[in-house]
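Participant: The structure follows.
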Amino acid sequence: MTIRFGLLTLSDRSSRGERADSSGPALARLIQAEGWSVVKQSILPDEETTIRQVLSEWADGGEMDVILTTGGTGFAPRDVTPEATRAVIEREASGLAEAMRAASLKITPHAMLSRIVAGIRKRTIIVNLPGSPKGAVENMQVIVPVLPHAVQLLKDDPDSEASH
C-alpha cells in the first residue's frame, strides 16, 4: 500500500532562510525508504493561524493520507504546533502521541517536554513530530508499523481487518 504524505516544517528561522530545514528531508528519506510518497512539502513560520490554514487545506484536499509536522512542539513561547493541530483535527489519535512519547522517554528525559499531538481530520491523519531531525525520525519510526492499517481504516478498506 502506498501512503501519501505531506511534510510541514514549522520554524521561524527556516522559513526566513536563516537555517536549512534538515528534519523535513530526513523524514522524506524515511518515508521513501518505506516505499511511500511525499506529495507536498513546505516550511512555515511558527504562526498558529497559518499552520491551521495549511493543515486544513492539505487535509481537506484529499491528496494526502498522512500529514507530518516537524517543529513547534516544545515549551518555547512560539511553539504553537499542538494548538494549531488541536484546532483543526476532528478526532484525537492519542495512542500515537503516547507511543512516541513512551519510546522517546527510553532515550531522553526531555521527552517529557514534548507536547506532540496526533489526530484525524476527515480521512487524513495529522501527526506532530519534534523539530530535531533525530527526534523526528525516531518518533516516526515508532508509528511506521501501524500507519498502513490506520490509513486502511480511514479509507473504509474492506480488507482492513484482514491485515489486523
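Numbering starts fresh at 1 for the residues of each chain in the C-alpha cells, the chains themselves are lettered A, B, ... in the order given, and ligands are numbered from 1 as they appear.
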Residues at most 9 Å from A:Glu90, counting only C-alpha atoms, excluding those fewer than 5 positions away in the same chain, as a list in words?

Facilitator: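 Final neighbour list, sorted by chain and number: Gly119, Ile120, Arg121 and Lys122 of chain A.
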
Participant: What's around A:Ile89 at 10 Å? Count only C-alpha atoms, leave out sequence neighbours fewer than 2 positions away in its own chain, and write the answer as a VMD selection string.

Facilitator: chain A and resid 52 55 to 56 59 84 to 87 91 to 93 117 to 122 124 to 126

Participant: Once you have the residues from the selection above, write them out as a PDB file, in the first residue's frame, restricted to C-alpha atoms.

Facilitator:
```pdb
ATOM      1  CA  ARG A  52      -4.146  25.917  10.952  1.00  0.00           C
ATOM      2  CA  LEU A  55      -3.237  21.809   7.829  1.00  0.00           C
ATOM      3  CA  SER A  56      -6.930  22.296   6.981  1.00  0.00           C
ATOM      4  CA  ALA A  59      -6.268  17.522   4.924  1.00  0.00           C
ATOM      5  CA  ALA A  84      -2.919  24.661  15.723  1.00  0.00           C
ATOM      6  CA  THR A  85      -3.303  20.900  15.290  1.00  0.00           C
ATOM      7  CA  ARG A  86      -5.953  20.578  18.012  1.00  0.00           C
ATOM      8  CA  ALA A  87      -7.906  23.398  16.366  1.00  0.00           C
ATOM      9  CA  ARG A  91     -10.770  13.310  16.498  1.00  0.00           C
ATOM     10  CA  GLU A  92      -7.624  12.775  18.540  1.00  0.00           C
ATOM     11  CA  ALA A  93      -5.386   9.765  17.968  1.00  0.00           C
ATOM     12  CA  VAL A 117      -0.484  15.788  19.212  1.00  0.00           C
ATOM     13  CA  ALA A 118      -1.922  13.311  16.712  1.00  0.00           C
ATOM     14  CA  GLY A 119      -5.407  13.250  15.273  1.00  0.00           C
ATOM     15  CA  ILE A 120      -7.705  12.821  12.309  1.00  0.00           C
ATOM     16  CA  ARG A 121      -9.339  15.369  10.045  1.00  0.00           C
ATOM     17  CA  LYS A 122     -11.721  13.838   7.521  1.00  0.00           C
ATOM     18  CA  THR A 124      -6.228  12.324   6.916  1.00  0.00           C
ATOM     19  CA  ILE A 125      -4.017  11.569   9.915  1.00  0.00           C
ATOM     20  CA  ILE A 126      -2.093  14.553  11.283  1.00  0.00           C
TER      21      ILE A 126
END
```

Participant: Do you know which residues are at most 6 Å from stretch 68-83 of chain A counting only C-alpha atoms, after dropping those on the same chain fewer than 3 positions away, and could you put them as a list in words?

Facilitator: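 Skipping anything fewer than 3 positions along the chain leaves Leu7, Leu8, Thr9, Leu10, Glu48, Arg86, Ser114, Arg115, Ile116, Val117, Ile126, Val127, Asn128, Leu129, Pro130 and Gly131 of chain A.
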
Participant: Just how far from atom CA of A:Gln141 is atom CA of A:Ser37, in Å to one decimal?

Facilitator: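 Separation between atom CA of A:Ser37 and atom CA of A:Gln141: 15.8 Å.
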
Participant: When distances are computed from only C-alpha atoms, which of A:Asn139, A:Ala28, A:Lys134, A:Val144 shows the smallest separation from A:Leu105?

Facilitator: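 Result for the nearest residue to A:Leu105: A:Asn139.
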
Participant: Could you tell me, as an MDAnalysis selection string, which residues of stretch 19-133 of chain A DSSP assigns to alpha helix (DSSP H) when given the backbone?

Facilitator: chainID A and resid 23:33 48:61 81:88 94:105 133

Participant: Leaving out A:Val146 and any residue of its chain fewer than 3 positions from it, which residues lie within 12 Å of it when counting only C-alpha atoms, given as a ChimeraX atom specification?

Facilitator: /A:3,95-96,99,125,140-143,149-153,160,163-164

Participant: Using only N, CA and C atoms, please write the residues we just selected to a file, as a compact mmCIF listing (two decimals), in the first residue's frame.

Facilitator:
```txt
# COMPACT_ATOMS: atom_id res chain seq x y z
N ILE A 3 1.32 4.99 0.81
CA ILE A 3 0.76 6.03 1.66
C ILE A 3 1.30 7.37 1.17
N GLY A 95 -3.20 7.62 21.10
CA GLY A 95 -2.31 6.47 21.20
C GLY A 95 -1.02 6.65 20.43
N LEU A 96 -1.08 7.33 19.29
CA LEU A 96 0.13 7.58 18.51
C LEU A 96 1.08 8.48 19.29
N ALA A 99 2.53 6.61 22.35
CA ALA A 99 3.55 5.63 21.99
C ALA A 99 4.88 6.32 21.66
N ILE A 125 -4.65 11.62 8.60
CA ILE A 125 -4.02 11.57 9.91
C ILE A 125 -3.02 12.72 9.99
N MET A 140 8.91 9.02 14.31
CA MET A 140 8.23 8.48 13.13
C MET A 140 8.40 6.96 13.06
N GLN A 141 9.60 6.48 13.38
CA GLN A 141 9.85 5.03 13.34
C GLN A 141 8.94 4.26 14.30
N VAL A 142 8.53 4.91 15.38
CA VAL A 142 7.63 4.27 16.35
C VAL A 142 6.27 3.97 15.71
N ILE A 143 5.77 4.89 14.89
CA ILE A 143 4.41 4.73 14.35
C ILE A 143 4.37 4.10 12.96
N HIS A 149 -2.28 0.21 8.42
CA HIS A 149 -3.59 -0.22 8.93
C HIS A 149 -4.47 0.98 9.24
N ALA A 150 -3.88 2.02 9.84
CA ALA A 150 -4.65 3.22 10.18
C ALA A 150 -5.22 3.86 8.91
N VAL A 151 -4.40 3.94 7.86
CA VAL A 151 -4.86 4.52 6.59
C VAL A 151 -5.96 3.66 5.97
N GLN A 152 -5.78 2.34 6.03
CA GLN A 152 -6.83 1.44 5.50
C GLN A 152 -8.16 1.67 6.22
N LEU A 153 -8.11 1.80 7.53
CA LEU A 153 -9.34 2.03 8.30
C LEU A 153 -10.02 3.34 7.90
N SER A 160 -9.23 -4.08 5.55
CA SER A 160 -8.51 -3.52 6.69
C SER A 160 -8.44 -4.47 7.88
N SER A 163 -5.70 -7.44 7.67
CA SER A 163 -4.30 -7.15 7.99
C SER A 163 -4.08 -6.91 9.48
N HIS A 164 -5.14 -6.98 10.25
CA HIS A 164 -5.07 -6.67 11.68
C HIS A 164 -4.40 -7.82 12.43
```

Participant: I need the residues in chain A that are strand (DSSP E or B) according to DSSP; give them as a PyMOL selection string.

Facilitator: chain A and resi 4-10+37-44+66-70+91-92+118-121+124-129

Participant: For the residues selected in the previous step, produce a file with C-alpha atoms as a PDB file, in the first residue's frame.

Facilitator:
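Once written, selection.pdb looks like this:
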```
ATOM      1  CA  ARG A   4       0.783   9.662   0.535  1.00  0.00           C
ATOM      2  CA  PHE A   5       2.420  12.153   2.896  1.00  0.00           C
ATOM      3  CA  GLY A   6       2.562  15.885   3.368  1.00  0.00           C
ATOM      4  CA  LEU A   7       5.534  17.242   5.313  1.00  0.00           C
ATOM      5  CA  LEU A   8       5.220  20.565   7.071  1.00  0.00           C
ATOM      6  CA  THR A   9       8.286  22.024   8.796  1.00  0.00           C
ATOM      7  CA  LEU A  10       7.455  24.723  11.328  1.00  0.00           C
ATOM      8  CA  SER A  37       5.448   9.003  -1.306  1.00  0.00           C
ATOM      9  CA  VAL A  38       5.800  12.639  -0.276  1.00  0.00           C
ATOM     10  CA  VAL A  39       3.262  14.608  -2.323  1.00  0.00           C
ATOM     11  CA  LYS A  40       3.775  18.002  -0.718  1.00  0.00           C
ATOM     12  CA  GLN A  41       6.426  19.626   1.442  1.00  0.00           C
ATOM     13  CA  SER A  42       6.533  23.142   2.894  1.00  0.00           C
ATOM     14  CA  ILE A  43       8.213  25.299   5.533  1.00  0.00           C
ATOM     15  CA  LEU A  44       6.162  27.759   7.571  1.00  0.00           C
ATOM     16  CA  VAL A  66      -0.879  11.484   6.494  1.00  0.00           C
ATOM     17  CA  ILE A  67       0.410  14.956   7.292  1.00  0.00           C
ATOM     18  CA  LEU A  68       3.539  15.108   9.423  1.00  0.00           C
ATOM     19  CA  THR A  69       4.564  18.322  11.107  1.00  0.00           C
ATOM     20  CA  THR A  70       8.041  18.809  12.499  1.00  0.00           C
ATOM     21  CA  ARG A  91     -10.770  13.310  16.498  1.00  0.00           C
ATOM     22  CA  GLU A  92      -7.624  12.775  18.540  1.00  0.00           C
ATOM     23  CA  ALA A 118      -1.922  13.311  16.712  1.00  0.00           C
ATOM     24  CA  GLY A 119      -5.407  13.250  15.273  1.00  0.00           C
ATOM     25  CA  ILE A 120      -7.705  12.821  12.309  1.00  0.00           C
ATOM     26  CA  ARG A 121      -9.339  15.369  10.045  1.00  0.00           C
ATOM     27  CA  THR A 124      -6.228  12.324   6.916  1.00  0.00           C
ATOM     28  CA  ILE A 125      -4.017  11.569   9.915  1.00  0.00           C
ATOM     29  CA  ILE A 126      -2.093  14.553  11.283  1.00  0.00           C
ATOM     30  CA  VAL A 127       0.923  13.827  13.483  1.00  0.00           C
ATOM     31  CA  ASN A 128       3.199  16.340  15.223  1.00  0.00           C
ATOM     32  CA  LEU A 129       6.859  15.360  15.453  1.00  0.00           C
TER      33      LEU A 129
END
```

Participant: In Å, with one decimal, what is the gap from atom CA of A:Gly62 to atom CA of A:Met1?

Facilitator: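 Going from atom CA of A:Gly62 over to atom CA of A:Met1 covers 16.5 Å.
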
Participant: For A:Leu154, which residue out of A:Arg123, A:Ser11, A:Ala26, A:His110 is the nearest one, using only C-alpha atoms?

Facilitator: A:Arg123

Participant: So how many Å separate atom CA of A:Arg16 and atom CA of A:Pro45, to one decimal?

Facilitator: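 Answer for the atom CA of A:Arg16 to atom CA of A:Pro45 separation: 7.9 Å.
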
Participant: Go through A:Ala136, A:Met64, A:Val88, A:Leu27 one by one, measure the shortest atom-to-atom distance of each to A:Arg101 using only C-alpha atoms, and give the residue with the smallest value.

Facilitator: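 Among the listed residues, the smallest separation from A:Arg101 belongs to A:Ala136.
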
Participant: Looking at A:Asp157, A:Trp58, A:Gly135, A:Trp36, which one is nearest to A:Ser22, with distances taken over only C-alpha atoms?

Facilitator: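 Smallest separation from A:Ser22 among the options: A:Gly135.
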